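Below: the structure, in structure tokens.
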Amino acid sequence: KLQKRLAADIKKCGRNRIWLDPNEANEISMANSRFNIRKLIKDGLIIRKAVKMHSRSRVRKNLEAKRKGRHTGIGKRRGTKEARLPSKVIWMRRQRVLRRLLRKYRQQKKIDKHLYHFFYRHAKGNAYKNKRVLVEAIHKMKAEQ
């Protein structure tokens with residue numbers, strides 16, 4: 001329809017967003033110029049419809065469930081174990097935790113620089129699987145001295 005095209009151009013939107021009053025179809029069909037269409041828009045016979053809502057409520061609900069650990073079984077996984085959380089990232093995290101602890105202990109004078117170096121090298125050599133094991137090893141070493 002000509003009127004719909006003109007109205008869409010005037011209101012700067014697509015034709016699907018233009019609403020023509022079905023009760024006033026005759027009056028609208030008489031309008032054949034932009035001037036007449038503008039008049040009909042002012043009178044409210046032609047309206048630009050609101051943008052349809054794209055709700056994220058379902059997405060939020062799903063994410064909430066995912067945080068609880070739902071929908072994360074084997075069937076939902078696309079990437080390999082390595083792609084989802086690389087072993088290098090795990091290694092880097094662990095190294096940083098252990099090295100941070102060693103620096104802290106050295107600064108607090110809980111261990112001297114020789115012990116620091118010994119434990120630093122062992123940590124790099126994958127001798128301690130976590131912080132707790134490293135702390136136990138340090139206490140054990142200090143007790144032996």
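Residues are referred to by chain and number: the chain letter is A, B, ... according to the order shown in the structure tokens, the number counts from 1 in that chain, and ligands are numbered separately from 1 in the order shown.
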
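Using only C-alpha atoms, the contacts of region 118-130 of chain A at a cut-off of 12 Å, with sequence neighbours closer than 3 positions omitted, comprise Ile90, Trp91, Met92, Arg93, Arg94, Gln95, Arg96, Val97, Leu98, Arg99, Arg100, Leu101, Leu102, Arg103, Tyr105, Arg106, Ile111, Asp112, Lys113, His114, Leu115, Val133, Leu134, Val135, Glu136, Ala137, Ile138, His139 and Met141 of chain A.
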
Quiz prompt | Spatial neighbours of Ile47 (chain A), 8 Å, only C-alpha atoms, chain gap at least 6 places, as a ChimeraX atom specification | solution = /A:18-20,41

Exercise. Figure out the distance between CA of Ile37 (chain A) and CA of Lys4 (chain A), please, to one decimal in Å.
Key: 9.1 Å

Practice problem: Run DSSP on the backbone of this structure and report the residues of region 78-115 of chain A it assigns to helix (DSSP H, G or I), as a ChimeraX atom specification. | Solution: /A:81-84,87-107,113-115

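Residues in contact with Ala7 (chain A) at 12 Å, where only C-alpha atoms are counted and same-chain residues fewer than 5 positions away are skipped, are listed as Lys1, Leu2, Lys12, Cys13, Gly14, Arg15, Asn16, Arg17, Ile18, Trp19, Leu20, Ile28, Ala31, Asn32, Ser33, Arg34, Phe35, Asn36, Ile37, Arg38, Lys39, Leu40, Ile41, Lys42, Leu45, Ile46, Ile47, Arg48 and Lys49 of chain A.
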